[in-house]
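Colleague: Structure: coords.cif, mmCIF, C-alpha atoms.
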```cif
data_start
#
loop_
_atom_site.group_PDB
_atom_site.id
_atom_site.type_symbol
_atom_site.label_atom_id
_atom_site.label_comp_id
_atom_site.auth_asym_id
_atom_site.auth_seq_id
_atom_site.Cartn_x
_atom_site.Cartn_y
_atom_site.Cartn_z
ATOM 1 C CA MET A 633 166.220 25.452 -30.296
ATOM 2 C CA LYS A 634 166.744 23.607 -26.998
ATOM 3 C CA GLU A 635 163.432 24.987 -25.683
ATOM 4 C CA LYS A 636 161.559 23.694 -28.771
ATOM 5 C CA LEU A 637 163.183 20.283 -28.393
ATOM 6 C CA LEU A 638 162.217 20.168 -24.714
ATOM 7 C CA ILE A 639 158.592 21.105 -25.529
ATOM 8 C CA TYR A 640 158.532 18.421 -28.252
ATOM 9 C CA ILE A 641 159.825 15.764 -25.817
ATOM 10 C CA ILE A 642 157.235 16.770 -23.187
ATOM 11 C CA LEU A 643 154.417 16.588 -25.758
ATOM 12 C CA CYS A 644 155.587 13.136 -26.878
ATOM 13 C CA LEU A 645 155.618 11.909 -23.278
ATOM 14 C CA VAL A 646 152.125 13.322 -22.667
ATOM 15 C CA ASN A 647 150.822 11.618 -25.814
ATOM 16 C CA ILE A 648 152.361 8.293 -24.763
ATOM 17 C CA SER A 649 150.794 8.669 -21.308
ATOM 18 C CA TRP A 650 147.344 9.379 -22.805
ATOM 19 C CA ALA A 651 147.685 6.434 -25.193
ATOM 20 C CA ASN A 652 148.615 4.105 -22.325
ATOM 21 C CA ALA A 653 145.701 5.362 -20.208
ATOM 22 C CA SER A 654 143.300 4.884 -23.113
ATOM 23 C CA GLU A 655 144.566 1.333 -23.737
ATOM 24 C CA LYS A 656 144.173 0.506 -20.044
ATOM 25 C CA GLN A 657 140.594 1.825 -20.016
ATOM 26 C CA GLN A 658 139.717 -0.181 -23.148
ATOM 27 C CA GLU A 659 141.198 -3.337 -21.622
ATOM 28 C CA ALA A 660 139.272 -2.674 -18.397
ATOM 29 C CA GLU A 661 135.973 -2.261 -20.273
ATOM 30 C CA LEU A 662 136.560 -5.485 -22.212
ATOM 31 C CA LEU A 663 137.291 -7.421 -19.003
ATOM 32 C CA ILE A 664 134.261 -5.889 -17.246
ATOM 33 C CA LYS A 665 132.055 -6.979 -20.173
ATOM 34 C CA LYS A 666 133.478 -10.516 -19.913
ATOM 35 C CA SER A 667 132.777 -10.486 -16.173
ATOM 36 C CA VAL A 668 129.154 -9.388 -16.714
ATOM 37 C CA ASP A 669 128.617 -11.999 -19.456
ATOM 38 C CA ALA A 670 129.971 -14.799 -17.232
ATOM 39 C CA LEU A 671 128.308 -13.641 -14.001
ATOM 40 C CA TYR A 672 125.333 -16.018 -13.750
ATOM 41 C CA ASN A 673 126.658 -18.933 -15.816
ATOM 42 C CA ASN A 674 130.161 -19.015 -14.341
ATOM 43 C CA PRO A 675 130.573 -16.696 -11.324
ATOM 44 C CA LYS A 676 134.084 -18.017 -10.662
ATOM 45 C CA GLN A 677 135.171 -16.875 -14.129
ATOM 46 C CA ALA A 678 133.358 -13.550 -13.623
ATOM 47 C CA SER A 679 135.260 -13.066 -10.353
ATOM 48 C CA TYR A 680 138.553 -13.745 -12.181
ATOM 49 C CA TYR A 681 137.867 -11.185 -14.947
ATOM 50 C CA ALA A 682 136.831 -8.542 -12.416
ATOM 51 C CA SER A 683 139.974 -9.142 -10.318
ATOM 52 C CA LYS A 684 142.085 -8.543 -13.455
ATOM 53 C CA VAL A 685 140.468 -5.118 -13.863
ATOM 54 C CA ILE A 686 141.172 -4.269 -10.221
ATOM 55 C CA GLU A 687 144.856 -5.101 -10.810
ATOM 56 C CA LEU A 688 144.982 -2.557 -13.675
ATOM 57 C CA PHE A 689 144.366 0.330 -11.249
ATOM 58 C CA PRO A 690 146.719 -0.261 -8.291
ATOM 59 C CA GLY A 691 147.254 3.369 -7.281
ATOM 60 C CA GLU A 692 143.885 4.912 -8.117
ATOM 61 C CA SER A 693 142.117 6.827 -5.361
ATOM 62 C CA ARG A 694 138.865 7.432 -7.286
ATOM 63 C CA SER A 695 138.025 5.370 -10.347
ATOM 64 C CA ASP A 696 134.560 4.395 -11.552
ATOM 65 C CA GLN A 697 136.047 1.601 -13.666
ATOM 66 C CA LYS A 698 137.801 0.129 -10.633
ATOM 67 C CA ALA A 699 134.654 0.593 -8.516
ATOM 68 C CA LYS A 700 132.576 -1.130 -11.214
ATOM 69 C CA ALA A 701 135.038 -4.039 -11.337
ATOM 70 C CA ILE A 702 134.957 -4.385 -7.547
ATOM 71 C CA PHE A 703 131.138 -4.296 -7.682
ATOM 72 C CA TYR A 704 131.027 -7.191 -10.184
ATOM 73 C CA TYR A 705 133.707 -9.049 -8.228
ATOM 74 C CA SER A 706 131.513 -8.665 -5.143
ATOM 75 C CA GLN A 707 128.437 -9.844 -7.057
ATOM 76 C CA ALA A 708 130.302 -12.934 -8.287
ATOM 77 C CA GLU A 709 131.512 -13.744 -4.768
ATOM 78 C CA LYS A 710 127.910 -13.407 -3.506
ATOM 79 C CA LEU A 711 126.762 -15.941 -6.106
ATOM 80 C CA LEU A 712 129.575 -18.244 -4.961
ATOM 81 C CA GLY A 713 128.284 -17.953 -1.376
ATOM 82 C CA ASN A 714 131.258 -15.937 -0.113
ATOM 83 C CA PHE A 715 129.131 -13.285 1.614
ATOM 84 C CA ASP A 716 131.838 -11.895 3.920
ATOM 85 C CA VAL A 717 134.259 -11.410 0.996
ATOM 86 C CA SER A 718 131.462 -9.857 -1.027
ATOM 87 C CA ILE A 719 130.446 -7.299 1.624
ATOM 88 C CA LYS A 720 134.060 -6.334 2.314
ATOM 89 C CA ASN A 721 134.599 -5.610 -1.383
ATOM 90 C CA LEU A 722 131.414 -3.548 -1.582
ATOM 91 C CA TYR A 723 132.824 -1.200 1.039
ATOM 92 C CA ASP A 724 135.974 -0.944 -1.103
ATOM 93 C CA ALA A 725 133.776 -0.085 -4.096
ATOM 94 C CA MET A 726 132.141 2.692 -2.039
ATOM 95 C CA GLU A 727 135.613 4.189 -1.508
ATOM 96 C CA TYR A 728 136.539 4.190 -5.205
ATOM 97 C CA VAL A 729 133.288 5.245 -6.898
ATOM 98 C CA THR A 730 133.015 8.945 -7.720
ATOM 99 C CA PRO A 731 130.150 10.806 -5.951
ATOM 100 C CA GLY A 732 128.727 11.905 -9.306
ATOM 101 C CA ASN A 733 128.149 8.342 -10.474
ATOM 102 C CA ARG A 734 124.720 8.043 -8.860
ATOM 103 C CA GLU A 735 123.721 4.893 -10.734
ATOM 104 C CA LEU A 736 126.766 2.888 -9.603
ATOM 105 C CA ASN A 737 126.431 4.219 -6.046
ATOM 106 C CA GLY A 738 122.823 3.017 -6.030
ATOM 107 C CA GLN A 739 123.797 -0.407 -7.375
ATOM 108 C CA ILE A 740 126.446 -0.795 -4.665
ATOM 109 C CA TYR A 741 123.987 0.078 -1.868
ATOM 110 C CA ALA A 742 121.327 -2.225 -3.370
ATOM 111 C CA LEU A 743 123.720 -5.178 -3.445
ATOM 112 C CA ALA A 744 124.855 -4.361 0.103
ATOM 113 C CA GLY A 745 121.213 -4.508 1.233
ATOM 114 C CA ALA A 746 120.738 -7.928 -0.360
ATOM 115 C CA LEU A 747 123.973 -9.172 1.221
ATOM 116 C CA TYR A 748 123.090 -7.961 4.712
ATOM 117 C CA CYS A 749 119.784 -9.807 4.314
ATOM 118 C CA LYS A 750 121.751 -13.009 3.551
ATOM 119 C CA LEU A 751 123.834 -12.316 6.669
ATOM 120 C CA THR A 752 120.555 -11.827 8.661
ATOM 121 C CA ASP A 753 121.475 -8.262 9.659
ATOM 122 C CA TYR A 754 118.026 -6.983 8.681
ATOM 123 C CA ASN A 755 118.344 -3.465 10.107
ATOM 124 C CA LYS A 756 121.487 -2.877 8.044
ATOM 125 C CA ALA A 757 119.817 -4.506 5.037
ATOM 126 C CA ILE A 758 116.900 -2.043 5.244
ATOM 127 C CA GLU A 759 119.276 0.911 5.743
ATOM 128 C CA MET A 760 121.280 0.047 2.611
ATOM 129 C CA ASN A 761 118.130 -0.724 0.620
ATOM 130 C CA GLU A 762 116.624 2.656 1.532
ATOM 131 C CA LYS A 763 119.812 4.463 0.455
ATOM 132 C CA ALA A 764 119.708 2.684 -2.894
ATOM 133 C CA THR A 765 115.988 3.403 -3.361
ATOM 134 C CA SER A 766 116.531 7.094 -2.585
ATOM 135 C CA ILE A 767 119.328 7.358 -5.163
ATOM 136 C CA PHE A 768 117.308 5.604 -7.879
ATOM 137 C CA LYS A 769 114.308 7.852 -7.165
ATOM 138 C CA SER A 770 116.535 10.924 -7.521
ATOM 139 C CA ILE A 771 117.672 9.825 -11.005
ATOM 140 C CA GLY A 772 114.269 8.470 -12.082
ATOM 141 C CA ASP A 773 115.423 4.870 -12.597
ATOM 142 C CA SER A 774 112.106 3.006 -12.260
ATOM 143 C CA VAL A 775 113.450 -0.483 -13.053
ATOM 144 C CA SER A 776 116.088 -0.162 -10.296
ATOM 145 C CA ILE A 777 113.459 1.154 -7.852
ATOM 146 C CA ALA A 778 111.399 -1.978 -8.597
ATOM 147 C CA LEU A 779 114.470 -4.134 -7.956
ATOM 148 C CA CYS A 780 114.945 -2.406 -4.583
ATOM 149 C CA TYR A 781 111.276 -2.989 -3.680
ATOM 150 C CA ASN A 782 111.648 -6.654 -4.657
ATOM 151 C CA ASP A 783 114.739 -6.944 -2.410
ATOM 152 C CA ARG A 784 112.888 -5.096 0.357
ATOM 153 C CA GLY A 785 110.069 -7.624 0.087
ATOM 154 C CA ILE A 786 112.574 -10.450 0.518
ATOM 155 C CA ILE A 787 114.060 -8.710 3.578
ATOM 156 C CA HIS A 788 110.645 -8.405 5.269
ATOM 157 C CA TYR A 789 109.757 -11.967 4.272
ATOM 158 C CA SER A 790 112.985 -13.125 5.972
ATOM 159 C CA MET A 791 111.855 -11.211 9.082
ATOM 160 C CA ASN A 792 108.453 -13.027 8.970
ATOM 161 C CA GLU A 793 106.745 -9.688 8.209
ATOM 162 C CA PHE A 794 104.620 -11.200 5.456
ATOM 163 C CA ASN A 795 102.102 -8.387 4.936
ATOM 164 C CA THR A 796 104.868 -5.795 4.519
ATOM 165 C CA ALA A 797 106.789 -8.180 2.255
ATOM 166 C CA GLY A 798 103.723 -8.618 0.056
ATOM 167 C CA GLN A 799 103.213 -4.845 -0.191
ATOM 168 C CA PHE A 800 106.768 -4.257 -1.429
ATOM 169 C CA LEU A 801 106.636 -7.163 -3.880
ATOM 170 C CA ARG A 802 103.326 -5.892 -5.329
ATOM 171 C CA GLN A 803 104.786 -2.373 -5.655
ATOM 172 C CA ALA A 804 107.754 -3.835 -7.531
ATOM 173 C CA LEU A 805 105.409 -5.824 -9.765
ATOM 174 C CA ALA A 806 103.316 -2.756 -10.603
ATOM 175 C CA ILE A 807 106.426 -0.765 -11.612
ATOM 176 C CA ASN A 808 107.836 -3.626 -13.683
ATOM 177 C CA ARG A 809 104.512 -4.082 -15.487
ATOM 178 C CA SER A 810 104.368 -0.362 -16.283
ATOM 179 C CA GLN A 811 107.943 -0.553 -17.636
ATOM 180 C CA LYS A 812 107.271 -3.858 -19.487
ATOM 181 C CA ASN A 813 110.284 -5.301 -17.671
ATOM 182 C CA LEU A 814 109.596 -9.010 -18.281
ATOM 183 C CA ARG A 815 112.550 -10.263 -16.239
ATOM 184 C CA GLY A 816 111.475 -8.159 -13.250
ATOM 185 C CA ILE A 817 107.835 -9.260 -13.596
ATOM 186 C CA ALA A 818 108.915 -12.920 -13.587
ATOM 187 C CA ALA A 819 111.061 -12.399 -10.461
ATOM 188 C CA ASN A 820 108.247 -10.593 -8.601
ATOM 189 C CA LEU A 821 105.602 -13.200 -9.496
ATOM 190 C CA ASN A 822 107.986 -15.995 -8.520
ATOM 191 C CA ASN A 823 108.625 -14.389 -5.112
ATOM 192 C CA LEU A 824 104.904 -13.746 -4.506
ATOM 193 C CA CYS A 825 103.987 -17.332 -5.446
ATOM 194 C CA TYR A 826 106.755 -18.736 -3.258
ATOM 195 C CA MET A 827 105.602 -16.593 -0.324
ATOM 196 C CA LYS A 828 101.966 -17.676 -0.760
ATOM 197 C CA GLY A 829 103.037 -21.324 -1.006
ATOM 198 C CA ILE A 830 104.985 -21.136 2.276
ATOM 199 C CA LEU A 831 102.099 -19.356 4.052
ATOM 200 C CA MET A 832 99.562 -21.948 2.870
ATOM 201 C CA ARG A 833 101.698 -24.727 4.378
ATOM 202 C CA LYS A 834 101.803 -23.032 7.786
#
```
Translate this structure into structure tokens?
Modeller:
Amino acid sequence: MKEKLLIYIILCLVNISWANASEKQQEAELLIKKSVDALYNNPKQASYYASKVIELFPGESRSDQKAKAIFYYSQAEKLLGNFDVSIKNLYDAMEYVTPGNRELNGQIYALAGALYCKLTDYNKAIEMNEKATSIFKSIGDSVSIALCYNDRGIIHYSMNEFNTAGQFLRQALAINRSQKNLRGIAANLNNLCYMKGILMRK
């Protein structure tokens, strides 16, 4: 009888633990969605929501949800102009993301490349961009490859390597057109027009 009671108590505790974990994951997903929705309109609010998710997982060693929250926190801080804070948090995200989550790993490296470009460390920017591109190629994510090529074009433009910049931007444009990615097409055309405008003034 005592053994049955003990087993019953253990099962109840396990069920409570699972329920709590499930509630925490649901809350994290809701906050991450709020962070994504606020990202471009109100990056400060996006940063706040993402920080709340990070607080939900204080002792986690590997957690894709925590890594995703740190990634969006980093993205928000980049939009706020806090590049050093942003890059530091990206390295934290690299520690928490699971190796099997190739998409999130690629997104982290892509953002790191864009950040290093802002910080004018162009060699590091290219290194991170190439890692991201390689990951996206391995999973067949064409839209993300185009985004990497667009970022790579910006890196080379910042280095005054205009021909190389143009090549990467045109590659990105070709992929986005094939994927009917209107947002990507607009970004690529905008960057190409801006680059041509600057060159014509020189």
Colleague: Restricting the calculation to all atoms listed in the file, which member of A:Leu662, A:Leu712, A:Cys780, A:Ile771 is positioned closest to A:Leu743?
Modeller: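 The shortest atom-to-atom distance to A:Leu743 comes from A:Cys780.
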Colleague: Using only C-alpha atoms, pick whichever of A:Ala682, A:Met726, A:Ile758, A:Leu711 has the shortest atom-to-atom distance to A:Gly785.
Modeller: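 Selected residue with least distance to A:Gly785: A:Ile758.
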Colleague: Of the candidates A:Glu661, A:Asp716, A:Glu793, A:Glu687, which one gets nearest to A:Lys700 if we count only C-alpha atoms?
Modeller: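 Distance minimum relative to A:Lys700 lands on A:Glu661.
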Colleague: Find the residue from A:Leu663, A:Gly713, A:Leu824, A:Tyr728 that sits nearest to A:Pro690; use all atoms listed in the file when measuring.
Modeller: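 Closest candidate: A:Tyr728.
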Colleague: Using all atoms listed in the file, which residues sit within 10 Å of A:Gln799 once same-chain residues fewer than 6 positions away are excluded, as a PyMOL selection string?
Modeller: chain A and resi 781-782+784-785+788+805
Colleague: I'd like to know which of A:Glu727, A:Glu759, A:Glu655, A:Asp669 is closest to A:Asp696, using all atoms listed in the file.
Modeller: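 Once distances to A:Asp696 are computed over all atoms listed in the file, the minimum belongs to A:Glu727.
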Colleague: Starting from the shown file, work through the PyMOL selection byres ((chain A and resi 694) around 9) and note down what comes out as an mmCIF file with C-alpha atoms, in the frame of the given file.
Modeller:
```
data_model
loop_
_atom_site.group_PDB
_atom_site.id
_atom_site.type_symbol
_atom_site.label_atom_id
_atom_site.label_comp_id
_atom_site.auth_asym_id
_atom_site.auth_seq_id
_atom_site.Cartn_x
_atom_site.Cartn_y
_atom_site.Cartn_z
ATOM 1 C CA GLU A 692 143.885 4.912 -8.117
ATOM 2 C CA SER A 693 142.117 6.827 -5.361
ATOM 3 C CA SER A 695 138.025 5.370 -10.347
ATOM 4 C CA ASP A 696 134.560 4.395 -11.552
ATOM 5 C CA LYS A 698 137.801 0.129 -10.633
ATOM 6 C CA ALA A 699 134.654 0.593 -8.516
ATOM 7 C CA GLU A 727 135.613 4.189 -1.508
ATOM 8 C CA TYR A 728 136.539 4.190 -5.205
ATOM 9 C CA VAL A 729 133.288 5.245 -6.898
ATOM 10 C CA THR A 730 133.015 8.945 -7.720
#
```
Colleague: Give, as lines of an AutoDock Vina configuration file, the centre coordinates and the x, y and z edge lengths in Å to one decimal for an axis-aligned box around all listed atoms of stretch 758-765 of chain A, padded by 8 Å on each side.
Modeller:
```
center_x = 118.6
center_y = 1.2
center_z = 1.2
size_x = 21.3
size_y = 22.5
size_z = 25.1
```
Colleague: Do you have the atom CA of A:Thr796-atom CA of A:Ser810 distance handy?
Modeller: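 Going from atom CA of A:Thr796 over to atom CA of A:Ser810, I get 21.5 Å.
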Colleague: For stretch 694-780 of chain A against stretch 817-823 of chain A, with a cut-off of 12 Å and counting only C-alpha atoms, what is the closest atom pair and its distance in Å to one decimal for every residue that makes the cut, ordered by chain and number, as a Markdown table?
Modeller:
```
| residue | atom | partner | partner_atom | distance |
| --- | --- | --- | --- | --- |
| A:Val775 | CA | A:Ile817 | CA | 10.4 |
| A:Ala778 | CA | A:Asn820 | CA | 9.2 |
| A:Leu779 | CA | A:Asn820 | CA | 9.0 |
| A:Cys780 | CA | A:Asn820 | CA | 11.3 |
```
Colleague: Just the selected residues (C-alpha atoms), exported as a PDB file, keeping the file's coordinate frame, please.
Modeller:
```pdb
ATOM      1  CA  VAL A 775     113.450  -0.483 -13.053  1.00  0.00           C
ATOM      2  CA  ALA A 778     111.399  -1.978  -8.597  1.00  0.00           C
ATOM      3  CA  LEU A 779     114.470  -4.134  -7.956  1.00  0.00           C
ATOM      4  CA  CYS A 780     114.945  -2.406  -4.583  1.00  0.00           C
TER       5      CYS A 780
END
```
Colleague: Find the distance between atom CA of A:Ala701 and atom CA of A:Val685 and write it in Å to one decimal.
Modeller: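 So the two atoms, atom CA of A:Ala701 and atom CA of A:Val685, lie 6.1 Å apart.
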